[in-house]
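Below: one structure, written as structure tokens.
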There are 2 protein chains.
Amino acid sequence: MEKVRFGIIGVGNIGTVHARYLLAGQVEGASLAAVCDHNPDKHAVIRRLTGDGVPLFNNAQEMIDSGLIDAVIVATPHYDHPTLSMMAMRAGIHTLCEKPAGVYTAQVQEMNACARECDVQFGIMYNQRPNPLYQKVKDLIDSGELGEIRRSNWIITNWYRSQSYYNSGGWRATWKGEGGGVLLNQDPHQLDLWQWLVGMPVRLRAFCQFGKHRDIEVEDEVTAYAEYANGATGVFITTVAETPGTNRLEIVGSRGKVVVEEGQLRFWRLRESETEFNARWQNGFGEPECWEVSIPCAPECSDHQVITANFTAAILRGEPLIAPGCEGIRGLTLSNAMHLSTWTDDWVDLPFDEQRYYELLHQRIAESVEKPAVSRTLDASGSW
Amino acid sequence: MEKVRFGIIGVGNIGTVHARYLLAGQVEGASLAAVCDHNPDKHAVIRRLTGDGVPLFNNAQEMIDSGLIDAVIVATPHYDHPTLSMMAMRAGIHTLCEKPAGVYTAQVQEMNACARECDVQFGIMYNQRPNPLYQKVKDLIDSGELGEIRRSNWIITNWYRSQSYYNSGGWRATWKGEGGGVLLNQDPHQLDLWQWLVGMPVRLRAFCQFGKHRDIEVEDEVTAYAEYANGATGVFITTVAETPGTNRLEIVGSRGKVVVEEGQLRFWRLRESETEFNARWQNGFGEPECWEVSIPCAPECSDHQVITANFTAAILRGEPLIAPGCEGIRGLTLSNAMHLSTWTDDWVDLPFDEQRYYELLHQRIAESVEKPAVSRTLDASGSW
């Protein structure tokens, strides 16, 4: 294969972003070969976006079977991610799925089994992983510069969404249509990065607020507290109703501290680990010597095409995936566990009871009501 | 009265700080007239500090009855604060008590009743209240600039204390000797400021870690989540084992956000409140216009003598107290409630069950063991 011919399933807010960079030829070795949207009301708008040269399908199975594509980007509402992804995989089509891979973890396990069976590439659109800021944090942790991790804190409240955003699609922010709110739609990146950087906790206690700031069924604000096997603790705070929002990640280890905020990484490095200092110090007050170190880091960049280019290179040249499908389950586990902790008003131990979560989610789905809203495609070019 | 003659009860780490600025004449209208410490082993050191001109007592009642003093600063271990304060009040001596006023709230209610009955000034050494940074935050909130408070977050982890600090006094960090750890000894300022700025929550859920980082009985790390009557949420994170620590307070309101960190106050002001914007906005993505505003603020200052000067002025000229005793109970309520939530592994509604707290605390006191340590006076001049 010399060029990967991409199809996009679902040309809404984010599908439009993917179509644009592929049409502009911004991903080497990739082309936009077909698009698909099951809503005929959107077809005229999609035509204006792609021009007449790109075949437009109404039905995903038809596009998959058309012989026109080698890979798909699945960019529909969350609930359809597993079904459509596995439909493509079974036809031998490499599949790059928007986050979250699914709405509950059992689905994502099935997707991974299917990808292995069908021997296709399966990636998740975690376009924050290649961001140089988080790559550097990962480097500091993996190389031992931070020492043993003690505490992490992510305040991620710059996901502002007005009521009109939620009104732009009847399925939005309903249990039936999305299966969650800010955790499922906006935070998958941070939940994935959080576990990628500091690992998975052994238990968590979360406080989700459902429809507090917006007229929606699902959570629009969350505070979660997590405990890790080595005794470390972590806090994750998110909401869609704050402006100007904060995006501040702080990770403290036994050898220093790193803070990512406002597109900057700051690193404080202890000359002697806190553990060693504490063991030898005899003078009461006093702290180990600490240097604020300026380290080189490329500017923040979270363009979706970085992931699509890596996915293309994986197909063409076997390059390792930055965000393989098998890792898509971890952030979702955190998200599901945060719902479960709130619903049961109790701790959730990890791994958690997936069946209990499934049942409690489906109780909410059974009572869920789609809003009588007109489906609108919004300009998401400034969003992740 | 032309000059207030102060006595200090307890000339340890912090009592020494008070003695120094009074001896140096840094508080107008005040003098150091006597000191008292019940540990004769420390008397030689205290003599070197005060010189021979300041009478040194072994017994607090004797100093109080000596006719030499008009006011006391109570700077002993926490448990003795209520008894010694009320002993002074009953002799008509104005009383400025180190934080925390007491170890459990019932004690502080009794102290306030006693001060009213004896008609003396009763203040708490909350020397962070006059800090220009927090004065400005208070101003922004009280004047409505921040709008309705939605969320607060205080990461206060720059209370680094090595094991040698805890070993400097056998009573330190024991249930019997202090009745708590970082919440009781280091955080009373922040707990007081937190409630002074955003009010008291209606319930909280806290996660205290007891003796996790240090060989102590009490809490050395805490994460607490609070909910307020208007739906606002708050998080408070503290530990003694992190270095370099963080001291970052973020308060978000419907009209903007304020952050105090590294001695700087930053204020983001919305031209239109989030509530109004959300009600009128129809375009999905989009946020209200926001200005980062540079506002004048004097440099950070938390000198203890500011509180002592205010207390002196209250006695001499009836000036209002910056930190009156009656407000000393609120931060302590938060602290007690955080212990209680951890012990019961459950929510604590406020006002909380003081009797239950008293019983659970005294269970721990009954099992508490004083460390066989030599009492040492440390240089606390760099501490609050």
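Starting from 1 in every chain, residues are counted up; chains themselves are A, B, ... following the order of the structure tokens, and ligands are numbered from 1 as listed.
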
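The chain B residues that come within 6 Å of chain A are B:Ser162, B:Ser164, B:Tyr165, B:Asn278, B:Gln282, B:Gly284, with only C-alpha atoms taken into account.
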
Output for the residues just chosen: N, CA and C atoms as an mmCIF file, in the first residue's frame:
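Result file is result-v5.cif:
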data_model
loop_
_atom_site.group_PDB
_atom_site.id
_atom_site.type_symbol
_atom_site.label_atom_id
_atom_site.label_comp_id
_atom_site.auth_asym_id
_atom_site.auth_seq_id
_atom_site.Cartn_x
_atom_site.Cartn_y
_atom_site.Cartn_z
ATOM 1 N N SER B 162 10.129 17.785 58.667
ATOM 2 C CA SER B 162 10.874 16.517 58.694
ATOM 3 C C SER B 162 10.543 15.756 59.976
ATOM 4 N N SER B 164 12.546 15.041 62.209
ATOM 5 C CA SER B 164 13.257 15.646 63.348
ATOM 6 C C SER B 164 12.420 16.748 64.004
ATOM 7 N N TYR B 165 11.581 17.417 63.225
ATOM 8 C CA TYR B 165 10.646 18.398 63.792
ATOM 9 C C TYR B 165 9.725 17.704 64.791
ATOM 10 N N ASN B 278 -24.533 32.465 29.256
ATOM 11 C CA ASN B 278 -25.097 31.146 28.954
ATOM 12 C C ASN B 278 -26.563 31.249 28.553
ATOM 13 N N GLN B 282 -26.182 31.534 21.562
ATOM 14 C CA GLN B 282 -26.870 30.552 20.717
ATOM 15 C C GLN B 282 -25.916 29.809 19.793
ATOM 16 N N GLY B 284 -23.335 27.569 20.307
ATOM 17 C CA GLY B 284 -22.599 26.358 20.707
ATOM 18 C C GLY B 284 -21.301 26.703 21.387
#

Problem set entry | DSSP alpha helix (DSSP H) selection over segment 29-164 of chain A, as a ChimeraX atom specification | /A:43-50,60-65,81-90,105-118,132-142,163-164

For this session: Do a neighbour search on Val11 of chain B at 10 Å with only C-alpha atoms, toss out local chain neighbours closer than 2 positions, and write the hits as a list in words.
Result: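 Answer for this query is Ile8, Ile9, Asn13, Ile14, Gly15, Thr16, Val17, His18, Ala19, Val35, Cys36, Asp37, His38, Asn39, Lys42, His43, Val45, Ile46, Leu49, Val74, Ala75, Thr76 and Thr377 of chain B.
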
Output the selection as an mmCIF file, in the first residue's frame - N, CA, C and O atoms for each residue.
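After the write, selection35.cif holds the following:
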data_model
loop_
_atom_site.group_PDB
_atom_site.id
_atom_site.type_symbol
_atom_site.label_atom_id
_atom_site.label_comp_id
_atom_site.auth_asym_id
_atom_site.auth_seq_id
_atom_site.Cartn_x
_atom_site.Cartn_y
_atom_site.Cartn_z
ATOM 1 N N ILE B 8 3.810 36.451 78.025
ATOM 2 C CA ILE B 8 3.718 35.324 77.093
ATOM 3 C C ILE B 8 3.718 34.037 77.903
ATOM 4 O O ILE B 8 4.586 33.835 78.769
ATOM 5 N N ILE B 9 2.738 33.178 77.628
ATOM 6 C CA ILE B 9 2.716 31.869 78.298
ATOM 7 C C ILE B 9 3.185 30.829 77.296
ATOM 8 O O ILE B 9 2.523 30.604 76.275
ATOM 9 N N ASN B 13 8.839 27.490 70.235
ATOM 10 C CA ASN B 13 9.146 27.972 68.881
ATOM 11 C C ASN B 13 8.473 29.306 68.587
ATOM 12 O O ASN B 13 9.108 30.257 68.160
ATOM 13 N N ILE B 14 7.160 29.349 68.820
ATOM 14 C CA ILE B 14 6.411 30.523 68.367
ATOM 15 C C ILE B 14 6.394 31.612 69.440
ATOM 16 O O ILE B 14 6.399 32.814 69.128
ATOM 17 N N GLY B 15 6.417 31.207 70.701
ATOM 18 C CA GLY B 15 6.491 32.190 71.788
ATOM 19 C C GLY B 15 7.752 33.029 71.673
ATOM 20 O O GLY B 15 7.756 34.239 71.965
ATOM 21 N N THR B 16 8.829 32.417 71.213
ATOM 22 C CA THR B 16 10.086 33.139 71.009
ATOM 23 C C THR B 16 9.931 34.228 69.949
ATOM 24 O O THR B 16 10.466 35.338 70.090
ATOM 25 N N VAL B 17 9.181 33.913 68.891
ATOM 26 C CA VAL B 17 8.928 34.905 67.834
ATOM 27 C C VAL B 17 8.206 36.121 68.423
ATOM 28 O O VAL B 17 8.580 37.280 68.183
ATOM 29 N N HIS B 18 7.165 35.850 69.220
ATOM 30 C CA HIS B 18 6.409 36.954 69.829
ATOM 31 C C HIS B 18 7.306 37.775 70.769
ATOM 32 O O HIS B 18 7.243 39.012 70.782
ATOM 33 N N ALA B 19 8.119 37.080 71.542
ATOM 34 C CA ALA B 19 9.000 37.788 72.484
ATOM 35 C C ALA B 19 9.950 38.726 71.737
ATOM 36 O O ALA B 19 10.153 39.880 72.150
ATOM 37 N N VAL B 35 7.336 36.790 81.108
ATOM 38 C CA VAL B 35 7.208 35.555 80.340
ATOM 39 C C VAL B 35 7.059 34.399 81.318
ATOM 40 O O VAL B 35 7.428 34.509 82.491
ATOM 41 N N CYS B 36 6.504 33.300 80.796
ATOM 42 C CA CYS B 36 6.240 32.146 81.652
ATOM 43 C C CYS B 36 6.466 30.875 80.851
ATOM 44 O O CYS B 36 6.010 30.755 79.718
ATOM 45 N N ASP B 37 7.195 29.961 81.449
ATOM 46 C CA ASP B 37 7.299 28.635 80.840
ATOM 47 C C ASP B 37 7.427 27.626 81.962
ATOM 48 O O ASP B 37 8.261 27.788 82.861
ATOM 49 N N HIS B 38 6.621 26.589 81.902
ATOM 50 C CA HIS B 38 6.561 25.647 83.033
ATOM 51 C C HIS B 38 7.699 24.628 82.998
ATOM 52 O O HIS B 38 7.818 23.798 83.888
ATOM 53 N N ASN B 39 8.534 24.714 81.959
ATOM 54 C CA ASN B 39 9.661 23.783 81.861
ATOM 55 C C ASN B 39 10.955 24.480 82.299
ATOM 56 O O ASN B 39 11.526 25.275 81.538
ATOM 57 N N LYS B 42 14.157 25.048 80.188
ATOM 58 C CA LYS B 42 14.258 26.050 79.136
ATOM 59 C C LYS B 42 14.594 27.440 79.689
ATOM 60 O O LYS B 42 14.800 28.381 78.918
ATOM 61 N N HIS B 43 14.600 27.571 81.009
ATOM 62 C CA HIS B 43 14.707 28.919 81.592
ATOM 63 C C HIS B 43 16.007 29.641 81.249
ATOM 64 O O HIS B 43 15.997 30.856 81.023
ATOM 65 N N VAL B 45 17.788 29.366 78.516
ATOM 66 C CA VAL B 45 17.677 29.842 77.129
ATOM 67 C C VAL B 45 16.765 31.073 77.059
ATOM 68 O O VAL B 45 17.062 32.058 76.372
ATOM 69 N N ILE B 46 15.658 31.022 77.796
ATOM 70 C CA ILE B 46 14.710 32.144 77.789
ATOM 71 C C ILE B 46 15.368 33.398 78.382
ATOM 72 O O ILE B 46 15.179 34.509 77.877
ATOM 73 N N LEU B 49 17.367 35.091 75.917
ATOM 74 C CA LEU B 49 16.513 35.777 74.938
ATOM 75 C C LEU B 49 16.015 37.109 75.490
ATOM 76 O O LEU B 49 16.088 38.146 74.812
ATOM 77 N N VAL B 74 -1.043 33.430 74.518
ATOM 78 C CA VAL B 74 -0.970 32.022 74.910
ATOM 79 C C VAL B 74 -0.339 31.245 73.764
ATOM 80 O O VAL B 74 -0.910 31.151 72.680
ATOM 81 N N ALA B 75 0.866 30.734 74.015
ATOM 82 C CA ALA B 75 1.646 30.101 72.947
ATOM 83 C C ALA B 75 2.160 28.730 73.374
ATOM 84 O O ALA B 75 3.263 28.326 73.039
ATOM 85 N N THR B 76 1.316 28.028 74.095
ATOM 86 C CA THR B 76 1.642 26.672 74.561
ATOM 87 C C THR B 76 1.163 25.640 73.536
ATOM 88 O O THR B 76 0.517 26.004 72.565
ATOM 89 N N THR B 377 13.667 23.740 71.548
ATOM 90 C CA THR B 377 13.068 24.907 70.919
ATOM 91 C C THR B 377 13.733 25.110 69.569
ATOM 92 O O THR B 377 14.953 25.227 69.474
#

Problem set entry | segment 100-197 of chain B: residues DSSP assigns to strand (DSSP E), reported as a list of chain:residue names |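 Reading the DSSP output for segment 100-197 of chain B, strand (DSSP E) covers B:Phe122, B:Gly123, B:Ile124, B:Ile149, B:Arg150, B:Arg151, B:Ser152, B:Asn153, B:Trp154, B:Ile155, B:Ile156.
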
Can those selected residues be exported to a file as an mmCIF file, in the first residue's frame so that it contains N, CA, C and O atoms?
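Dumped to again-v4.cif:
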data_model
loop_
_atom_site.group_PDB
_atom_site.id
_atom_site.type_symbol
_atom_site.label_atom_id
_atom_site.label_comp_id
_atom_site.auth_asym_id
_atom_site.auth_seq_id
_atom_site.Cartn_x
_atom_site.Cartn_y
_atom_site.Cartn_z
ATOM 1 N N PHE B 122 -10.655 39.158 73.309
ATOM 2 C CA PHE B 122 -10.225 37.789 73.040
ATOM 3 C C PHE B 122 -9.976 37.672 71.532
ATOM 4 O O PHE B 122 -10.892 37.824 70.723
ATOM 5 N N GLY B 123 -8.711 37.481 71.185
ATOM 6 C CA GLY B 123 -8.353 37.397 69.763
ATOM 7 C C GLY B 123 -7.593 36.120 69.461
ATOM 8 O O GLY B 123 -7.065 35.466 70.359
ATOM 9 N N ILE B 124 -7.557 35.762 68.179
ATOM 10 C CA ILE B 124 -6.809 34.576 67.746
ATOM 11 C C ILE B 124 -5.664 35.048 66.844
ATOM 12 O O ILE B 124 -5.838 35.968 66.042
ATOM 13 N N ILE B 149 -19.972 32.639 44.200
ATOM 14 C CA ILE B 149 -18.868 31.672 44.238
ATOM 15 C C ILE B 149 -19.351 30.293 43.784
ATOM 16 O O ILE B 149 -20.405 29.819 44.198
ATOM 17 N N ARG B 150 -18.557 29.704 42.894
ATOM 18 C CA ARG B 150 -18.908 28.406 42.307
ATOM 19 C C ARG B 150 -17.989 27.282 42.792
ATOM 20 O O ARG B 150 -18.403 26.155 42.958
ATOM 21 N N ARG B 151 -16.693 27.606 42.914
ATOM 22 C CA ARG B 151 -15.732 26.552 43.239
ATOM 23 C C ARG B 151 -14.497 27.172 43.860
ATOM 24 O O ARG B 151 -14.070 28.248 43.448
ATOM 25 N N SER B 152 -13.928 26.496 44.849
ATOM 26 C CA SER B 152 -12.650 26.932 45.408
ATOM 27 C C SER B 152 -11.726 25.727 45.511
ATOM 28 O O SER B 152 -12.186 24.581 45.593
ATOM 29 N N ASN B 153 -10.425 26.009 45.466
ATOM 30 C CA ASN B 153 -9.436 24.929 45.510
ATOM 31 C C ASN B 153 -8.193 25.472 46.186
ATOM 32 O O ASN B 153 -7.602 26.435 45.713
ATOM 33 N N TRP B 154 -7.834 24.866 47.306
ATOM 34 C CA TRP B 154 -6.605 25.288 47.973
ATOM 35 C C TRP B 154 -5.657 24.101 48.067
ATOM 36 O O TRP B 154 -5.970 23.105 48.726
ATOM 37 N N ILE B 155 -4.540 24.229 47.374
ATOM 38 C CA ILE B 155 -3.455 23.252 47.523
ATOM 39 C C ILE B 155 -2.433 23.919 48.433
ATOM 40 O O ILE B 155 -1.780 24.880 48.034
ATOM 41 N N ILE B 156 -2.362 23.436 49.679
ATOM 42 C CA ILE B 156 -1.453 24.060 50.645
ATOM 43 C C ILE B 156 -0.536 22.959 51.181
ATOM 44 O O ILE B 156 -0.825 22.301 52.185
#

Fewer than 5 positions away in the same chain doesn't count, so skip those; otherwise give me all residues within 12 Å of Phe311 of chain B, counting only C-alpha atoms, as a PDB file with N, CA, C and O atoms, in the first residue's frame.
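The resulting file, out.pdb, is shown below:
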ATOM      1  N   VAL B   4       0.115  48.666  76.714  1.00  0.00           N
ATOM      2  CA  VAL B   4      -0.347  47.335  77.110  1.00  0.00           C
ATOM      3  C   VAL B   4       0.865  46.496  77.466  1.00  0.00           C
ATOM      4  O   VAL B   4       1.773  46.305  76.654  1.00  0.00           O
ATOM      5  N   PHE B   6       2.387  43.100  77.978  1.00  0.00           N
ATOM      6  CA  PHE B   6       2.109  41.714  77.578  1.00  0.00           C
ATOM      7  C   PHE B   6       2.911  40.712  78.384  1.00  0.00           C
ATOM      8  O   PHE B   6       4.097  40.925  78.660  1.00  0.00           O
ATOM      9  N   VAL B  27       5.924  46.797  68.258  1.00  0.00           N
ATOM     10  CA  VAL B  27       4.478  47.011  68.360  1.00  0.00           C
ATOM     11  C   VAL B  27       4.227  48.258  69.197  1.00  0.00           C
ATOM     12  O   VAL B  27       4.480  48.278  70.408  1.00  0.00           O
ATOM     13  N   GLU B  28       3.725  49.275  68.551  1.00  0.00           N
ATOM     14  CA  GLU B  28       3.476  50.542  69.228  1.00  0.00           C
ATOM     15  C   GLU B  28       2.447  50.352  70.340  1.00  0.00           C
ATOM     16  O   GLU B  28       1.420  49.703  70.121  1.00  0.00           O
ATOM     17  N   GLY B  29       2.744  50.909  71.492  1.00  0.00           N
ATOM     18  CA  GLY B  29       1.798  50.828  72.605  1.00  0.00           C
ATOM     19  C   GLY B  29       1.862  49.512  73.360  1.00  0.00           C
ATOM     20  O   GLY B  29       1.014  49.239  74.198  1.00  0.00           O
ATOM     21  N   ALA B  30       2.851  48.673  73.024  1.00  0.00           N
ATOM     22  CA  ALA B  30       2.951  47.379  73.702  1.00  0.00           C
ATOM     23  C   ALA B  30       4.358  47.144  74.220  1.00  0.00           C
ATOM     24  O   ALA B  30       5.330  47.616  73.636  1.00  0.00           O
ATOM     25  N   ASP B  70      -1.213  43.252  81.488  1.00  0.00           N
ATOM     26  CA  ASP B  70      -2.593  43.599  81.111  1.00  0.00           C
ATOM     27  C   ASP B  70      -3.144  42.607  80.094  1.00  0.00           C
ATOM     28  O   ASP B  70      -4.349  42.518  79.870  1.00  0.00           O
ATOM     29  N   ALA B  71      -2.224  41.918  79.393  1.00  0.00           N
ATOM     30  CA  ALA B  71      -2.642  41.028  78.307  1.00  0.00           C
ATOM     31  C   ALA B  71      -1.680  39.850  78.244  1.00  0.00           C
ATOM     32  O   ALA B  71      -0.529  39.957  78.658  1.00  0.00           O
ATOM     33  N   VAL B  72      -2.174  38.719  77.719  1.00  0.00           N
ATOM     34  CA  VAL B  72      -1.278  37.567  77.493  1.00  0.00           C
ATOM     35  C   VAL B  72      -1.368  37.095  76.049  1.00  0.00           C
ATOM     36  O   VAL B  72      -2.398  37.231  75.393  1.00  0.00           O
ATOM     37  N   ILE B  73      -0.262  36.537  75.622  1.00  0.00           N
ATOM     38  CA  ILE B  73      -0.270  35.731  74.405  1.00  0.00           C
ATOM     39  C   ILE B  73      -0.075  34.292  74.861  1.00  0.00           C
ATOM     40  O   ILE B  73       0.915  33.982  75.535  1.00  0.00           O
ATOM     41  N   HIS B  94      -6.655  40.617  79.079  1.00  0.00           N
ATOM     42  CA  HIS B  94      -6.994  40.443  77.663  1.00  0.00           C
ATOM     43  C   HIS B  94      -6.172  39.303  77.087  1.00  0.00           C
ATOM     44  O   HIS B  94      -4.975  39.175  77.397  1.00  0.00           O
ATOM     45  N   THR B  95      -6.779  38.505  76.221  1.00  0.00           N
ATOM     46  CA  THR B  95      -6.143  37.251  75.822  1.00  0.00           C
ATOM     47  C   THR B  95      -6.068  37.105  74.307  1.00  0.00           C
ATOM     48  O   THR B  95      -7.082  37.114  73.604  1.00  0.00           O
ATOM     49  N   LEU B  96      -4.836  36.952  73.845  1.00  0.00           N
ATOM     50  CA  LEU B  96      -4.582  36.699  72.428  1.00  0.00           C
ATOM     51  C   LEU B  96      -4.036  35.275  72.368  1.00  0.00           C
ATOM     52  O   LEU B  96      -2.952  35.001  72.894  1.00  0.00           O
ATOM     53  N   CYS B  97      -4.797  34.397  71.734  1.00  0.00           N
ATOM     54  CA  CYS B  97      -4.464  32.977  71.784  1.00  0.00           C
ATOM     55  C   CYS B  97      -3.896  32.514  70.442  1.00  0.00           C
ATOM     56  O   CYS B  97      -4.430  32.861  69.387  1.00  0.00           O
ATOM     57  N   VAL B 120     -13.349  40.963  78.472  1.00  0.00           N
ATOM     58  CA  VAL B 120     -11.977  41.216  78.007  1.00  0.00           C
ATOM     59  C   VAL B 120     -11.914  40.987  76.499  1.00  0.00           C
ATOM     60  O   VAL B 120     -12.778  40.340  75.913  1.00  0.00           O
ATOM     61  N   GLN B 121     -10.886  41.551  75.884  1.00  0.00           N
ATOM     62  CA  GLN B 121     -10.646  41.285  74.471  1.00  0.00           C
ATOM     63  C   GLN B 121     -10.133  39.856  74.327  1.00  0.00           C
ATOM     64  O   GLN B 121      -9.296  39.401  75.108  1.00  0.00           O
ATOM     65  N   PHE B 122     -10.655  39.158  73.309  1.00  0.00           N
ATOM     66  CA  PHE B 122     -10.225  37.789  73.040  1.00  0.00           C
ATOM     67  C   PHE B 122      -9.976  37.672  71.532  1.00  0.00           C
ATOM     68  O   PHE B 122     -10.892  37.824  70.723  1.00  0.00           O
ATOM     69  N   GLY B 123      -8.711  37.481  71.185  1.00  0.00           N
ATOM     70  CA  GLY B 123      -8.353  37.397  69.763  1.00  0.00           C
ATOM     71  C   GLY B 123      -7.593  36.120  69.461  1.00  0.00           C
ATOM     72  O   GLY B 123      -7.065  35.466  70.359  1.00  0.00           O
ATOM     73  N   ILE B 124      -7.557  35.762  68.179  1.00  0.00           N
ATOM     74  CA  ILE B 124      -6.809  34.576  67.746  1.00  0.00           C
ATOM     75  C   ILE B 124      -5.664  35.048  66.844  1.00  0.00           C
ATOM     76  O   ILE B 124      -5.838  35.968  66.042  1.00  0.00           O
ATOM     77  N   MET B 125      -4.533  34.394  66.973  1.00  0.00           N
ATOM     78  CA  MET B 125      -3.355  34.774  66.194  1.00  0.00           C
ATOM     79  C   MET B 125      -3.481  34.281  64.736  1.00  0.00           C
ATOM     80  O   MET B 125      -2.699  33.471  64.261  1.00  0.00           O
ATOM     81  N   TYR B 126      -4.512  34.795  64.045  1.00  0.00           N
ATOM     82  CA  TYR B 126      -4.673  34.477  62.626  1.00  0.00           C
ATOM     83  C   TYR B 126      -3.916  35.535  61.825  1.00  0.00           C
ATOM     84  O   TYR B 126      -4.519  36.433  61.237  1.00  0.00           O
ATOM     85  N   ASN B 127      -2.593  35.386  61.781  1.00  0.00           N
ATOM     86  CA  ASN B 127      -1.772  36.439  61.188  1.00  0.00           C
ATOM     87  C   ASN B 127      -1.757  36.407  59.657  1.00  0.00           C
ATOM     88  O   ASN B 127      -1.059  37.190  59.029  1.00  0.00           O
ATOM     89  N   HIS B 304       3.507  38.313  62.499  1.00  0.00           N
ATOM     90  CA  HIS B 304       2.639  38.135  63.659  1.00  0.00           C
ATOM     91  C   HIS B 304       2.321  39.462  64.346  1.00  0.00           C
ATOM     92  O   HIS B 304       1.251  39.648  64.906  1.00  0.00           O
ATOM     93  N   GLN B 305       3.309  40.407  64.274  1.00  0.00           N
ATOM     94  CA  GLN B 305       3.078  41.635  65.040  1.00  0.00           C
ATOM     95  C   GLN B 305       1.918  42.484  64.517  1.00  0.00           C
ATOM     96  O   GLN B 305       1.406  43.334  65.237  1.00  0.00           O
ATOM     97  N   VAL B 306       1.479  42.210  63.269  1.00  0.00           N
ATOM     98  CA  VAL B 306       0.311  42.951  62.767  1.00  0.00           C
ATOM     99  C   VAL B 306      -0.915  42.618  63.618  1.00  0.00           C
ATOM    100  O   VAL B 306      -1.710  43.496  63.984  1.00  0.00           O
ATOM    101  N   LEU B 316      -6.472  49.505  73.635  1.00  0.00           N
ATOM    102  CA  LEU B 316      -6.233  50.928  73.933  1.00  0.00           C
ATOM    103  C   LEU B 316      -7.316  51.837  73.373  1.00  0.00           C
ATOM    104  O   LEU B 316      -7.706  52.805  74.003  1.00  0.00           O
ATOM    105  N   ARG B 317      -7.790  51.512  72.154  1.00  0.00           N
ATOM    106  CA  ARG B 317      -8.686  52.454  71.468  1.00  0.00           C
ATOM    107  C   ARG B 317      -9.965  51.823  70.935  1.00  0.00           C
ATOM    108  O   ARG B 317     -10.685  52.424  70.143  1.00  0.00           O
ATOM    109  N   GLY B 318     -10.219  50.574  71.313  1.00  0.00           N
ATOM    110  CA  GLY B 318     -11.459  49.926  70.878  1.00  0.00           C
ATOM    111  C   GLY B 318     -11.519  49.602  69.401  1.00  0.00           C
ATOM    112  O   GLY B 318     -12.605  49.395  68.841  1.00  0.00           O
ATOM    113  N   GLU B 319     -10.368  49.552  68.745  1.00  0.00           N
ATOM    114  CA  GLU B 319     -10.344  49.202  67.318  1.00  0.00           C
ATOM    115  C   GLU B 319     -10.902  47.779  67.112  1.00  0.00           C
ATOM    116  O   GLU B 319     -10.663  46.919  67.953  1.00  0.00           O
ATOM    117  N   PRO B 320     -11.654  47.533  66.031  1.00  0.00           N
ATOM    118  CA  PRO B 320     -12.210  46.174  65.852  1.00  0.00           C
ATOM    119  C   PRO B 320     -11.107  45.146  65.632  1.00  0.00           C
ATOM    120  O   PRO B 320     -10.122  45.418  64.937  1.00  0.00           O
ATOM    121  N   LEU B 321     -11.278  43.976  66.188  1.00  0.00           N
ATOM    122  CA  LEU B 321     -10.294  42.903  66.019  1.00  0.00           C
ATOM    123  C   LEU B 321     -10.342  42.348  64.594  1.00  0.00           C
ATOM    124  O   LEU B 321     -11.416  42.133  64.037  1.00  0.00           O
ATOM    125  N   ILE B 322      -9.174  42.121  64.027  1.00  0.00           N
ATOM    126  CA  ILE B 322      -9.095  41.480  62.714  1.00  0.00           C
ATOM    127  C   ILE B 322      -9.538  40.021  62.820  1.00  0.00           C
ATOM    128  O   ILE B 322     -10.211  39.498  61.943  1.00  0.00           O
ATOM    129  N   ALA B 323      -9.172  39.391  63.906  1.00  0.00           N
ATOM    130  CA  ALA B 323      -9.497  37.971  64.086  1.00  0.00           C
ATOM    131  C   ALA B 323     -10.051  37.746  65.482  1.00  0.00           C
ATOM    132  O   ALA B 323      -9.358  37.281  66.384  1.00  0.00           O
ATOM    133  N   PRO B 324     -11.355  38.072  65.697  1.00  0.00           N
ATOM    134  CA  PRO B 324     -11.941  37.924  67.025  1.00  0.00           C
ATOM    135  C   PRO B 324     -12.101  36.453  67.411  1.00  0.00           C
ATOM    136  O   PRO B 324     -12.279  35.595  66.551  1.00  0.00           O
ATOM    137  N   GLY B 325     -12.056  36.188  68.693  1.00  0.00           N
ATOM    138  CA  GLY B 325     -12.149  34.821  69.203  1.00  0.00           C
ATOM    139  C   GLY B 325     -13.379  34.077  68.733  1.00  0.00           C
ATOM    140  O   GLY B 325     -13.334  32.874  68.485  1.00  0.00           O
TER     141      GLY B 325
END

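Interatomic distance, atom CA of Asp52 of chain A to atom CA of Arg20 of chain A: 14.5 Å.
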
For this session: Report the distance between atom CA of Leu193 of chain B and atom CA of Val258 of chain A in Å, rounded to one decimal place.
Result: 26.7 Å
